[in-house]
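What follows is the content of coords_1.cif (mmCIF, C-alpha atoms).
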data_upload
#
loop_
_atom_site.label_atom_id
_atom_site.label_comp_id
_atom_site.auth_asym_id
_atom_site.auth_seq_id
_atom_site.Cartn_x
_atom_site.Cartn_y
_atom_site.Cartn_z
CA MET A 1 -69.58 101.69 86.98
CA LYS A 2 -72.36 101.35 84.41
CA LYS A 3 -74.02 104.05 82.39
CA LEU A 4 -77.70 103.69 81.55
CA GLU A 5 -79.23 105.93 78.90
CA ILE A 6 -83.01 105.86 78.66
CA ILE A 7 -84.75 107.51 75.73
CA ILE A 8 -88.45 107.65 76.51
CA GLU A 9 -91.43 109.74 75.44
CA THR A 10 -91.76 112.86 77.59
CA ILE A 11 -95.03 111.69 79.08
CA GLY A 12 -93.24 108.70 80.70
CA LEU A 13 -90.52 110.80 82.36
CA ASN A 14 -92.27 111.06 85.75
CA SER A 15 -92.60 107.28 85.90
CA VAL A 16 -88.85 106.89 85.19
CA ILE A 17 -87.99 109.40 87.92
CA ARG A 18 -90.23 107.49 90.35
CA ILE A 19 -88.26 104.29 89.60
CA LEU A 20 -84.93 106.11 90.10
CA GLU A 21 -86.09 107.52 93.45
CA LYS A 22 -87.35 104.09 94.53
CA GLN A 23 -83.98 102.50 93.70
CA ASN A 24 -82.13 105.28 95.59
CA ILE A 25 -80.26 106.48 92.51
CA SER A 26 -78.39 109.50 93.85
CA GLY A 27 -78.02 111.45 90.62
CA TYR A 28 -79.19 111.58 87.04
CA SER A 29 -79.27 114.00 84.09
CA ILE A 30 -82.22 114.77 81.84
CA ILE A 31 -82.00 116.18 78.33
CA GLU A 32 -85.36 117.44 77.09
CA ARG A 33 -86.74 117.59 73.55
CA VAL A 34 -84.86 114.64 72.08
CA LEU A 35 -85.97 114.17 68.48
CA GLY A 36 -85.27 111.27 66.14
CA LYS A 37 -86.59 108.13 64.55
CA GLY A 38 -87.20 104.69 66.04
CA SER A 39 -89.57 101.75 65.96
CA SER A 40 -92.53 104.05 66.65
CA GLY A 41 -91.67 106.26 63.66
CA LEU A 42 -90.48 109.86 63.53
CA ARG A 43 -90.42 111.63 66.88
CA GLN A 44 -90.07 115.24 65.81
CA GLY A 45 -92.44 117.10 68.10
CA GLY A 46 -94.64 119.31 65.98
CA GLU A 47 -97.45 119.67 68.49
CA LEU A 48 -97.95 121.55 71.75
CA SER A 49 -98.67 118.67 74.12
CA ASN A 50 -95.18 117.02 74.30
CA VAL A 51 -96.73 113.70 73.30
CA MET A 52 -94.58 113.38 70.17
CA LYS A 53 -91.31 114.30 71.89
CA ASN A 54 -88.75 112.21 73.77
CA VAL A 55 -86.41 112.87 76.69
CA LEU A 56 -83.02 111.33 77.45
CA VAL A 57 -82.25 110.26 81.03
CA ILE A 58 -78.61 109.47 81.84
CA ILE A 59 -77.71 107.52 84.99
CA VAL A 60 -74.29 106.31 86.13
CA ASP A 61 -74.21 103.97 89.14
CA GLU A 62 -73.16 100.56 90.50
CA PRO A 63 -74.05 97.64 88.14
CA ASP A 64 -76.47 96.06 90.66
CA LYS A 65 -78.49 99.24 91.03
CA ILE A 66 -78.52 99.81 87.26
CA ASN A 67 -79.82 96.26 86.73
CA LEU A 68 -82.73 96.89 89.10
CA VAL A 69 -83.60 100.11 87.25
CA VAL A 70 -83.39 98.34 83.86
CA LYS A 71 -85.78 95.64 85.08
CA GLU A 72 -88.40 98.18 86.11
CA VAL A 73 -88.01 100.48 83.10
CA LYS A 74 -88.46 97.42 80.83
CA GLN A 75 -91.99 97.07 82.26
CA LEU A 76 -92.60 100.76 81.60
CA LEU A 77 -91.51 100.42 77.97
CA LYS A 78 -94.41 98.04 77.39
CA ASP A 79 -96.68 101.11 77.61
CA PHE A 80 -94.42 103.93 76.44
CA SER A 81 -92.18 104.22 73.39
CA GLY A 82 -88.50 104.16 74.27
CA VAL A 83 -85.17 102.37 74.34
CA MET A 84 -82.30 101.78 76.81
CA PHE A 85 -78.53 101.67 76.21
CA ILE A 86 -76.17 100.22 78.84
CA SER A 87 -72.41 100.68 78.77
CA ASP A 88 -69.30 100.55 80.96
CA VAL A 89 -67.92 103.94 81.98
CA GLU A 90 -65.18 105.50 84.03
CA VAL A 91 -66.16 108.49 86.13
CA GLU A 92 -63.87 111.46 86.78
CA ASN A 93 -64.98 114.35 88.93
CA MET B 94 -128.01 131.58 53.65
CA GLN B 95 -126.82 134.95 52.38
CA GLU B 96 -125.71 135.88 55.90
CA LEU B 97 -123.81 132.59 56.21
CA LEU B 98 -122.00 133.34 52.94
CA ILE B 99 -121.14 136.91 54.02
CA ASN B 100 -119.85 135.70 57.41
CA SER B 101 -117.80 132.92 55.82
CA LEU B 102 -116.24 135.25 53.25
CA SER B 103 -115.42 137.94 55.83
CA ASN B 104 -113.81 135.26 58.02
CA LEU B 105 -111.70 134.09 55.06
CA SER B 106 -110.33 137.60 54.60
CA SER B 107 -109.43 138.03 58.28
CA PRO B 108 -105.65 138.39 58.78
CA MET B 109 -105.70 135.71 61.51
CA ILE B 110 -107.10 133.07 59.16
CA LEU B 111 -104.85 134.17 56.30
CA PHE B 112 -101.75 133.83 58.52
CA PHE B 113 -102.93 130.36 59.52
CA ILE B 114 -103.18 129.44 55.83
CA LEU B 115 -99.72 130.99 55.23
CA GLY B 116 -98.21 128.80 57.97
CA PHE B 117 -99.88 125.75 56.43
CA ILE B 118 -98.62 126.57 52.92
CA ALA B 119 -95.10 127.35 54.22
CA THR B 120 -94.89 123.84 55.68
CA MET B 121 -96.22 122.31 52.47
CA LEU B 122 -93.49 124.17 50.54
CA LYS B 123 -90.92 122.83 53.05
CA SER B 124 -89.89 126.41 53.87
CA ASP B 125 -87.46 126.80 56.78
CA LEU B 126 -89.89 129.21 58.45
CA GLU B 127 -89.97 128.38 62.17
CA ILE B 128 -91.33 129.95 65.33
CA PRO B 129 -89.22 128.91 68.33
CA GLU B 130 -91.16 126.57 70.62
CA ALA B 131 -90.57 128.82 73.64
CA ILE B 132 -92.27 131.73 71.81
CA ALA B 133 -95.26 129.56 70.85
CA LYS B 134 -95.65 128.46 74.48
CA GLY B 135 -95.27 132.08 75.63
CA LEU B 136 -98.02 133.16 73.24
CA ALA B 137 -100.34 130.43 74.57
CA ILE B 138 -99.73 131.79 78.10
CA TYR B 139 -100.46 135.33 76.87
CA PHE B 140 -103.89 134.33 75.47
CA ILE B 141 -104.92 132.51 78.62
CA MET B 142 -103.88 135.49 80.78
CA ALA B 143 -105.56 138.01 78.47
CA ILE B 144 -108.94 136.25 78.20
CA GLY B 145 -108.86 135.24 81.88
CA PHE B 146 -108.17 138.79 83.07
CA LYS B 147 -110.76 140.31 80.73
CA GLY B 148 -113.36 137.71 81.79
CA GLY B 149 -112.70 138.37 85.48
CA ALA B 150 -112.90 142.16 85.04
CA GLU B 151 -116.22 141.80 83.20
CA ILE B 152 -117.67 139.55 85.90
CA ALA B 153 -116.70 142.25 88.42
CA LYS B 154 -118.77 144.71 86.37
CA SER B 155 -121.84 142.50 85.80
CA GLY B 156 -121.72 140.38 88.99
CA LEU B 157 -122.39 136.65 89.29
CA THR B 158 -125.98 135.86 88.31
CA ASN B 159 -128.14 132.73 88.11
CA VAL B 160 -127.27 132.52 84.42
CA VAL B 161 -123.68 131.72 85.41
CA ILE B 162 -124.78 128.74 87.51
CA THR B 163 -127.14 127.45 84.79
CA SER B 164 -124.36 127.88 82.23
CA ALA B 165 -121.90 125.98 84.43
CA ILE B 166 -124.38 123.07 84.66
CA ILE B 167 -124.78 123.10 80.86
CA ALA B 168 -120.98 123.24 80.46
CA ILE B 169 -120.51 120.11 82.61
CA LEU B 170 -123.41 118.40 80.83
CA LEU B 171 -121.94 119.13 77.38
CA GLY B 172 -118.46 118.05 78.49
CA SER B 173 -119.95 114.77 79.69
CA ILE B 174 -122.38 113.84 76.89
CA ILE B 175 -120.17 114.76 73.90
CA PRO B 176 -117.56 112.04 74.63
CA VAL B 177 -120.34 109.44 75.05
CA ILE B 178 -121.96 110.36 71.71
CA SER B 179 -118.52 110.50 70.05
CA TYR B 180 -117.63 107.06 71.42
CA PHE B 181 -120.79 105.47 70.01
CA VAL B 182 -120.31 107.10 66.60
CA LEU B 183 -116.67 105.94 66.45
CA ASN B 184 -117.15 102.46 67.88
CA LYS B 185 -120.56 101.44 66.55
CA ILE B 186 -120.71 103.27 63.20
CA GLY B 187 -117.00 103.64 62.37
CA LYS B 188 -116.05 100.23 63.88
CA ILE B 189 -113.01 101.85 65.52
CA ASP B 190 -111.67 99.73 68.40
CA ALA B 191 -112.75 100.65 71.95
CA ILE B 192 -109.43 102.11 73.11
CA ASN B 193 -108.99 104.46 70.14
CA SER B 194 -112.70 105.37 70.27
CA CYS B 195 -112.37 106.40 73.94
CA ALA B 196 -109.14 108.29 73.26
CA ILE B 197 -110.62 110.27 70.35
CA ALA B 198 -113.88 110.85 72.28
CA ALA B 199 -111.91 112.50 75.12
CA HIS B 200 -110.38 114.99 72.66
CA TYR B 201 -113.72 115.95 71.09
CA GLY B 202 -115.41 116.37 74.46
CA SER B 203 -112.60 118.59 75.73
CA ILE B 204 -111.95 122.07 74.29
CA SER B 205 -109.43 124.10 72.30
CA VAL B 206 -108.35 127.42 73.82
CA VAL B 207 -107.14 128.85 70.48
CA THR B 208 -110.45 128.06 68.74
CA PHE B 209 -112.21 129.87 71.61
CA VAL B 210 -109.82 132.84 71.31
CA THR B 211 -110.41 132.96 67.53
CA ALA B 212 -114.18 132.96 68.16
CA ILE B 213 -113.75 135.90 70.57
CA SER B 214 -111.80 137.72 67.87
CA PHE B 215 -114.59 136.89 65.35
CA LEU B 216 -117.22 138.34 67.73
CA GLY B 217 -115.06 141.46 68.08
CA SER B 218 -114.88 141.87 64.30
CA ILE B 219 -118.68 141.78 63.94
CA GLU B 220 -119.12 143.85 67.14
CA VAL B 221 -121.17 141.26 69.02
CA PRO B 222 -120.62 141.28 72.82
CA TYR B 223 -120.12 138.20 75.01
CA SER B 224 -120.17 137.64 78.77
CA GLY B 225 -116.97 137.45 80.83
CA PHE B 226 -118.14 134.27 82.58
CA MET B 227 -117.89 132.33 79.31
CA VAL B 228 -114.12 132.16 79.90
CA GLY B 229 -114.90 130.20 83.08
CA MET B 230 -117.13 127.87 81.04
CA MET B 231 -114.14 127.11 78.87
CA ALA B 232 -112.15 126.04 81.94
CA ILE B 233 -115.07 123.96 83.23
CA MET B 234 -115.41 122.11 79.91
CA GLU B 235 -111.74 121.15 79.63
CA SER B 236 -111.63 118.12 81.94
CA PRO B 237 -114.99 116.25 82.27
CA ALA B 238 -114.59 114.53 78.88
CA ILE B 239 -111.17 113.17 79.84
CA PHE B 240 -112.58 111.59 83.01
CA ILE B 241 -115.72 110.28 81.23
CA SER B 242 -113.62 108.67 78.48
CA ILE B 243 -111.33 106.98 81.00
CA LEU B 244 -114.43 105.75 82.84
CA MET B 245 -115.94 104.44 79.57
CA LEU B 246 -112.71 102.58 78.81
CA ARG B 247 -112.70 101.02 82.27
CA ILE B 248 -116.28 99.81 81.76
CA VAL B 249 -115.39 98.32 78.35
CA LYS B 250 -112.20 96.77 79.74
CA ARG B 251 -114.06 95.25 82.67
CA LYS B 252 -116.36 93.58 80.18
CA GLU B 253 -113.33 92.22 78.35
CA ASN B 254 -111.79 91.28 81.72
CA VAL B 255 -108.56 93.13 80.98
CA GLU B 256 -106.60 94.64 83.83
CA SER B 257 -106.21 98.42 83.65
CA ARG B 258 -104.10 100.82 85.64
CA LEU B 259 -104.99 104.35 86.55
CA HIS B 260 -102.43 107.02 87.39
CA TYR B 261 -104.77 108.93 89.75
CA LYS B 262 -102.25 111.47 91.01
CA GLU B 263 -100.89 112.43 87.61
CA LEU B 264 -104.35 112.37 86.04
CA ILE B 265 -105.82 114.79 88.60
CA LYS B 266 -102.71 116.96 88.47
CA GLY B 267 -102.72 116.96 84.66
CA SER B 268 -106.45 117.46 84.16
CA LEU B 269 -107.53 119.70 87.02
CA PHE B 270 -104.37 121.59 87.96
CA ASN B 271 -102.69 121.85 84.57
CA ALA B 272 -100.97 125.10 83.58
CA SER B 273 -103.89 126.44 81.53
CA ILE B 274 -106.55 125.91 84.24
CA VAL B 275 -104.40 127.35 87.06
CA LEU B 276 -103.43 130.35 84.93
CA LEU B 277 -106.95 130.90 83.63
CA PHE B 278 -108.66 130.83 87.02
CA GLY B 279 -105.78 132.83 88.54
CA SER B 280 -106.08 135.52 85.83
CA MET B 281 -109.86 135.60 86.23
CA LEU B 282 -109.50 136.14 89.98
CA ILE B 283 -106.91 138.90 89.46
CA GLY B 284 -109.15 140.49 86.79
CA TYR B 285 -112.15 140.24 89.14
CA TYR B 286 -110.34 141.92 92.05
CA SER B 287 -108.64 144.63 89.99
CA GLY B 288 -111.87 145.39 88.08
CA SER B 289 -112.18 148.19 85.52
CA GLU B 290 -109.21 150.13 86.94
CA GLY B 291 -106.95 147.13 86.59
CA MET B 292 -108.27 146.54 83.08
CA GLU B 293 -107.31 150.08 82.14
CA ILE B 294 -103.74 149.48 83.36
CA VAL B 295 -103.19 146.25 81.43
CA SER B 296 -105.27 146.93 78.33
CA PRO B 297 -102.27 148.23 76.30
CA PHE B 298 -100.87 144.69 76.66
CA PHE B 299 -103.97 142.47 76.92
CA VAL B 300 -106.47 144.24 74.64
CA THR B 301 -104.85 146.44 71.97
CA PRO B 302 -102.29 143.95 70.55
CA PHE B 303 -104.57 140.89 71.06
CA ASN B 304 -105.52 140.34 67.40
CA GLY B 305 -102.00 141.07 66.15
CA ILE B 306 -100.49 138.52 68.51
CA LEU B 307 -103.20 136.05 67.48
CA THR B 308 -101.94 136.25 63.88
CA LEU B 309 -98.47 135.17 65.06
CA PHE B 310 -99.90 132.26 67.02
CA LEU B 311 -102.13 131.15 64.16
CA LEU B 312 -99.13 131.23 61.82
CA GLU B 313 -97.50 128.69 64.18
CA MET B 314 -100.74 126.66 64.38
CA GLY B 315 -100.85 126.59 60.55
CA MET B 316 -97.33 125.15 60.52
CA LEU B 317 -98.19 122.57 63.19
CA ALA B 318 -101.28 121.52 61.19
CA GLY B 319 -99.22 121.34 57.98
CA LYS B 320 -96.65 119.06 59.64
CA ARG B 321 -99.33 116.49 60.36
CA ILE B 322 -100.62 116.20 56.78
CA GLY B 323 -98.36 113.16 56.28
CA GLU B 324 -100.43 111.34 58.90
CA PHE B 325 -103.71 111.72 56.97
CA LYS B 326 -103.24 108.31 55.33
CA ALA B 327 -103.02 106.65 58.75
CA VAL B 328 -106.15 108.49 59.93
CA GLY B 329 -108.33 107.24 57.06
CA ILE B 330 -111.52 108.51 55.44
CA PHE B 331 -113.94 107.72 58.28
CA LEU B 332 -111.93 109.55 60.93
CA PHE B 333 -111.36 112.46 58.53
CA PHE B 334 -115.12 112.88 58.10
CA PHE B 335 -115.64 112.38 61.81
CA GLY B 336 -113.21 115.27 62.36
CA ILE B 337 -115.39 117.67 60.38
CA SER B 338 -118.90 116.31 61.03
CA MET B 339 -118.74 115.60 64.79
CA PRO B 340 -117.93 119.27 65.58
CA VAL B 341 -121.07 120.32 63.69
CA ILE B 342 -123.25 117.76 65.54
CA ASN B 343 -121.78 118.84 68.90
CA GLY B 344 -122.24 122.48 67.88
CA VAL B 345 -125.94 121.94 67.11
CA ILE B 346 -126.48 120.32 70.55
CA ALA B 347 -124.74 123.26 72.28
CA ALA B 348 -126.57 125.87 70.19
CA VAL B 349 -129.94 124.36 71.18
CA LEU B 350 -129.07 123.94 74.88
CA SER B 351 -127.64 127.46 75.20
CA PHE B 352 -130.75 128.85 73.48
CA ILE B 353 -133.01 126.98 75.92
CA ILE B 354 -131.27 128.57 78.93
CA GLY B 355 -131.74 131.99 77.33
CA LEU B 356 -128.17 133.10 76.62
CA ASP B 357 -127.38 135.98 74.26
CA ILE B 358 -126.09 135.31 70.76
CA GLY B 359 -122.39 135.96 71.61
CA ASP B 360 -122.43 133.52 74.54
CA ARG B 361 -124.35 130.97 72.48
CA LEU B 362 -121.68 131.11 69.78
CA LEU B 363 -118.93 130.60 72.37
CA PHE B 364 -120.75 127.58 73.87
CA THR B 365 -121.18 126.17 70.36
CA VAL B 366 -117.50 126.72 69.52
CA LEU B 367 -116.37 125.16 72.80
CA SER B 368 -118.48 122.06 72.12
CA ALA B 369 -117.36 121.86 68.49
CA SER B 370 -113.64 122.21 69.26
CA ALA B 371 -111.22 119.40 70.06
CA SER B 372 -108.32 119.51 72.50
CA TYR B 373 -104.71 119.20 71.31
CA ILE B 374 -102.74 120.15 74.43
CA VAL B 375 -104.37 118.91 77.65
CA ALA B 376 -106.24 115.83 76.36
CA PRO B 377 -103.32 114.27 74.38
CA ALA B 378 -101.05 114.40 77.44
CA ALA B 379 -103.69 112.86 79.75
CA ILE B 380 -104.80 110.23 77.23
CA ARG B 381 -101.25 109.17 76.31
CA LEU B 382 -100.70 108.51 80.01
CA GLU B 383 -103.96 106.66 80.64
CA MET B 384 -104.45 104.93 77.29
CA PRO B 385 -100.93 104.17 76.01
CA GLN B 386 -102.34 101.56 73.61
CA ALA B 387 -104.33 104.22 71.74
CA ASN B 388 -102.61 105.62 68.65
CA PRO B 389 -101.58 109.29 69.20
CA SER B 390 -101.32 109.78 65.41
CA TYR B 391 -105.11 109.49 65.27
CA TYR B 392 -106.10 111.90 67.99
CA ILE B 393 -103.39 114.53 67.52
CA THR B 394 -103.77 114.63 63.73
CA MET B 395 -107.56 114.78 63.96
CA SER B 396 -107.79 117.58 66.51
CA LEU B 397 -104.82 119.63 65.24
CA ALA B 398 -104.86 119.14 61.45
CA ILE B 399 -108.55 118.45 60.69
CA THR B 400 -110.93 119.84 63.32
CA PHE B 401 -108.95 122.95 64.31
CA PRO B 402 -108.53 124.32 60.72
CA PHE B 403 -112.15 123.38 59.90
CA ASN B 404 -113.45 125.23 62.95
CA ILE B 405 -111.46 128.44 62.56
CA ILE B 406 -111.89 128.76 58.78
CA PHE B 407 -115.45 127.51 58.19
CA GLY B 408 -116.87 126.43 61.54
CA ILE B 409 -117.06 129.73 63.44
CA PRO B 410 -119.11 131.64 60.82
CA VAL B 411 -121.29 128.56 60.23
CA TYR B 412 -121.94 128.19 63.98
CA TYR B 413 -122.77 131.89 64.20
CA SER B 414 -125.38 131.54 61.46
CA LEU B 415 -126.66 128.40 63.19
CA CYS B 416 -127.09 130.29 66.47
CA ASN B 417 -128.94 133.04 64.60
CA LEU B 418 -131.18 130.42 63.00
CA ILE B 419 -132.17 128.82 66.32
CA GLN B 420 -134.44 131.45 67.81
#
Would you mind giving the structure from this file in structure tokens?
Amino acid sequence: MKKLEIIIETIGLNSVIRILEKQNISGYSIIERVLGKGSSGLRQGGELSNVMKNVLVIIVDEPDKINLVVKEVKQLLKDFSGVMFISDVEVEN
Amino acid sequence: MQELLINSLSNLSSPMILFFILGFIATMLKSDLEIPEAIAKGLAIYFIMAIGFKGGAEIAKSGLTNVVITSAIIAILLGSIIPVISYFVLNKIGKIDAINSCAIAAHYGSISVVTFVTAISFLGSIEVPYSGFMVGMMAIMESPAIFISILMLRIVKRKENVESRLHYKELIKGSLFNASIVLLFGSMLIGYYSGSEGMEIVSPFFVTPFNGILTLFLLEMGMLAGKRIGEFKAVGIFLFFFGISMPVINGVIAAVLSFIIGLDIGDRLLFTVLSASASYIVAPAAIRLEMPQANPSYYITMSLAITFPFNIIFGIPVYYSLCNLIQ
């Protein structure tokens, strides 16, 4: 199994969810208000519109499915600030 | 001139403005003062409910007249021409690129709820009445500028032969059915149907503590404005001056138009303030989605840290004197 972590600005979250639904990803977790620093500078919020805040989306699925999601999110990251991390994981329920 | 000075000085001693300045200074001093985000959002909801309900209850008392329809036409007209004027000033005079010009224009054509609420509080302090329907004008003026700016960008992009995408569904949802518009119209309807009796029931919550709660919200707004000071360098001198001069130009246009249609002084001030204010909640979210290449540091810093403080500290009394002058 692969774990994909997507940090993306809040405004791009709906587009990520659309990709996940399209690729039939059965489950994902979202952590809101993720602050930090990256290539687009400090992302610390400090306004009321959510534009300067990030979210973290965590997905664990089969490698093939994750690859398809990565391909589509890469296109999205041309417009929105963000980054993806991919790693191998073991899942215990 | 003397009246302008008196109004400006009395505004500077209002607790709302002083708490705004306190929030600003606290951030400058790197104090750990913080208002939890959930409280700030809750306060924003409170103001929209309070002014919506009060507006609806007052319309129930006065009824819907022709003035309301004329005002609505003027509101749409102002919301549509301000972004066009702003675009030309930014792009042709300031030589700002087309995308950032359209993005900033959308913010200056749209409105700021808190500036409007502060203007209502100002009118209360000088005991000048305003009409309930003006709250509806605020809602009407929120979205046209966003659509006009996106349209302007599409025209410019077509000329440059660049492909552009439009997120219709999210744009309509975000601009026409966003939380503030749904809550505002909903509160107005509830206020309209419950009338004076309903107003009596909720006034201990919506009327009596209104100014006190506004001080808390403006303290938070002062901190938000203070946090963006570091971005001033990126904004530059032209955009800084745009942030304080464009509101005055837009205000003059609104003051003249609202005078022509024969509104009273309180309503004219509110129209002027709506036209002079810049959006920092609805427009940034819509523009970030539709114009991702535009720099959010420009439009958020300008509307939140330049135009908003200018309007609430100096703008409102200046616009009031301006409205008094045009008659």
*Could you give me, as number ranges by chain, the residues within 10 Å of stretch 238-251 of chain B, counting only C-alpha atoms and dropping anything in the same chain fewer than 2 positions from it?*
B: 169-177, 179-180, 191-204, 234-236, 253-259, 264-265, 268, 375-377, 379-380, 383-384
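Compared by their closest atoms to B:Ser273, and using all atoms listed in the file, the residues B:Phe298, B:Tyr139, B:Tyr223, B:Phe303 rank with B:Tyr139 nearest.
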Any chance you could tabulate, as a tab-separated table, the residues of chain A at most 8 Å from chain B with each one's nearest atom pair and distance in Å to one decimal, using all atoms listed in the file, in chain and rising number order?
residue	atom	partner	partner_atom	distance
A:Ile11	CA	B:Leu382	CA	6.6
A:Gly12	CA	B:Leu382	CA	7.5
A:Gly46	CA	B:Leu317	CA	5.6
A:Glu47	CA	B:Leu317	CA	6.1
A:Leu48	CA	B:Ile374	CA	5.7
A:Ser49	CA	B:Ile374	CA	4.3
A:Asn50	CA	B:Ala378	CA	7.2
A:Val51	CA	B:Ala378	CA	6.0
A:Asp79	CA	B:Pro385	CA	5.5
A:Phe80	CA	B:Pro385	CA	6.5
*Do you know which residues lie at most 10 Å from (-99.6, 123.9, 52.5), with coordinates as in the file and all atoms listed in the file counted, and could you write them as a PyMOL selection string?*
chain B and resi 114-123+315-316+318-320+322
*Fewer than 2 positions away in the same chain doesn't count, so skip those; otherwise give me all residues within 8 Å of stretch 279-288 of chain B, counting all atoms listed in the file, as a PyMOL selection string.*
chain B and resi 141-143+145-154+275-277+290-292
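Going from atom CA of A:Ile31 over to atom CA of A:Leu56, you cover 5.0 Å.
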*Decode the PyMOL selection byres ((chain A and resi 27) around 8) for the given file into explicit residues and return them as a list in words.*
Ile25, Ser26, Tyr28, Ser29, Ile59 and Val60 of chain A
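Residues selected in this file by the PyMOL selection byres ((chain B and resi 108) around 12) comprise Ser103, Asn104, Leu105, Ser106, Ser107, Met109, Ile110, Leu111, Phe112, Phe113, Ile114, Leu115, Thr211, Ser214, Phe215, Ser218, Asn304, Gly305, Ile306, Leu307, Thr308, Leu309, Phe310, Leu311, Leu312 and Ile406 of chain B.
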For the residues selected in the previous step, produce a file with C-alpha atoms as a short mmCIF file (atom, residue, chain, number, x, y, z; two decimals), in the frame of the given file.
data_model
loop_
_atom_site.label_atom_id
_atom_site.label_comp_id
_atom_site.auth_asym_id
_atom_site.auth_seq_id
_atom_site.Cartn_x
_atom_site.Cartn_y
_atom_site.Cartn_z
CA SER B 103 -115.42 137.94 55.83
CA ASN B 104 -113.81 135.26 58.02
CA LEU B 105 -111.70 134.09 55.06
CA SER B 106 -110.33 137.60 54.60
CA SER B 107 -109.43 138.03 58.28
CA MET B 109 -105.70 135.71 61.51
CA ILE B 110 -107.10 133.07 59.16
CA LEU B 111 -104.85 134.17 56.30
CA PHE B 112 -101.75 133.83 58.52
CA PHE B 113 -102.93 130.36 59.52
CA ILE B 114 -103.18 129.44 55.83
CA LEU B 115 -99.72 130.99 55.23
CA THR B 211 -110.41 132.96 67.53
CA SER B 214 -111.80 137.72 67.87
CA PHE B 215 -114.59 136.89 65.35
CA SER B 218 -114.88 141.87 64.30
CA ASN B 304 -105.52 140.34 67.40
CA GLY B 305 -102.00 141.07 66.15
CA ILE B 306 -100.49 138.52 68.51
CA LEU B 307 -103.20 136.05 67.48
CA THR B 308 -101.94 136.25 63.88
CA LEU B 309 -98.47 135.17 65.06
CA PHE B 310 -99.90 132.26 67.02
CA LEU B 311 -102.13 131.15 64.16
CA LEU B 312 -99.13 131.23 61.82
CA ILE B 406 -111.89 128.76 58.78
#
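Using only C-alpha atoms, the nearest neighbour of A:Ile58 within the list A:Gln75, A:Lys37, A:Asn24, A:Ser87 is A:Ser87.
In terms of minimum interatomic distance to A:Ile6, A:Val83 ranks closest within A:Leu35, A:Leu68, A:Val83, A:Leu20, counting all atoms listed in the file.
What separates atom CA of A:Val34 from atom CA of A:Lys3 is a distance of 18.3 Å.
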*asked:* Residue by residue, what does the PyMOL selection byres ((chain A and resi 54) around 8) grab here? Present the result as a ChimeraX atom specification.
replied: /A:7-10,32-35,43,52-53,55-56
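One distance worth recording is that between atom CA of B:Pro297 and atom CA of B:Leu362, which is 26.7 Å.
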Residues near B:Ile233, cut-off 9 Å, all atoms listed in the file, skip fewer than 3 positions along chain, as an mmCIF file with C-alpha atoms, in the coordinates of the input:
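That gives us selection-v4.cif:
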data_model
loop_
_atom_site.group_PDB
_atom_site.id
_atom_site.type_symbol
_atom_site.label_atom_id
_atom_site.label_comp_id
_atom_site.auth_asym_id
_atom_site.auth_seq_id
_atom_site.Cartn_x
_atom_site.Cartn_y
_atom_site.Cartn_z
ATOM 1 C CA ALA B 165 -121.900 125.980 84.430
ATOM 2 C CA ALA B 168 -120.980 123.240 80.460
ATOM 3 C CA ILE B 169 -120.510 120.110 82.610
ATOM 4 C CA GLY B 172 -118.460 118.050 78.490
ATOM 5 C CA VAL B 228 -114.120 132.160 79.900
ATOM 6 C CA GLY B 229 -114.900 130.200 83.080
ATOM 7 C CA MET B 230 -117.130 127.870 81.040
ATOM 8 C CA SER B 236 -111.630 118.120 81.940
ATOM 9 C CA PRO B 237 -114.990 116.250 82.270
ATOM 10 C CA ILE B 274 -106.550 125.910 84.240
#
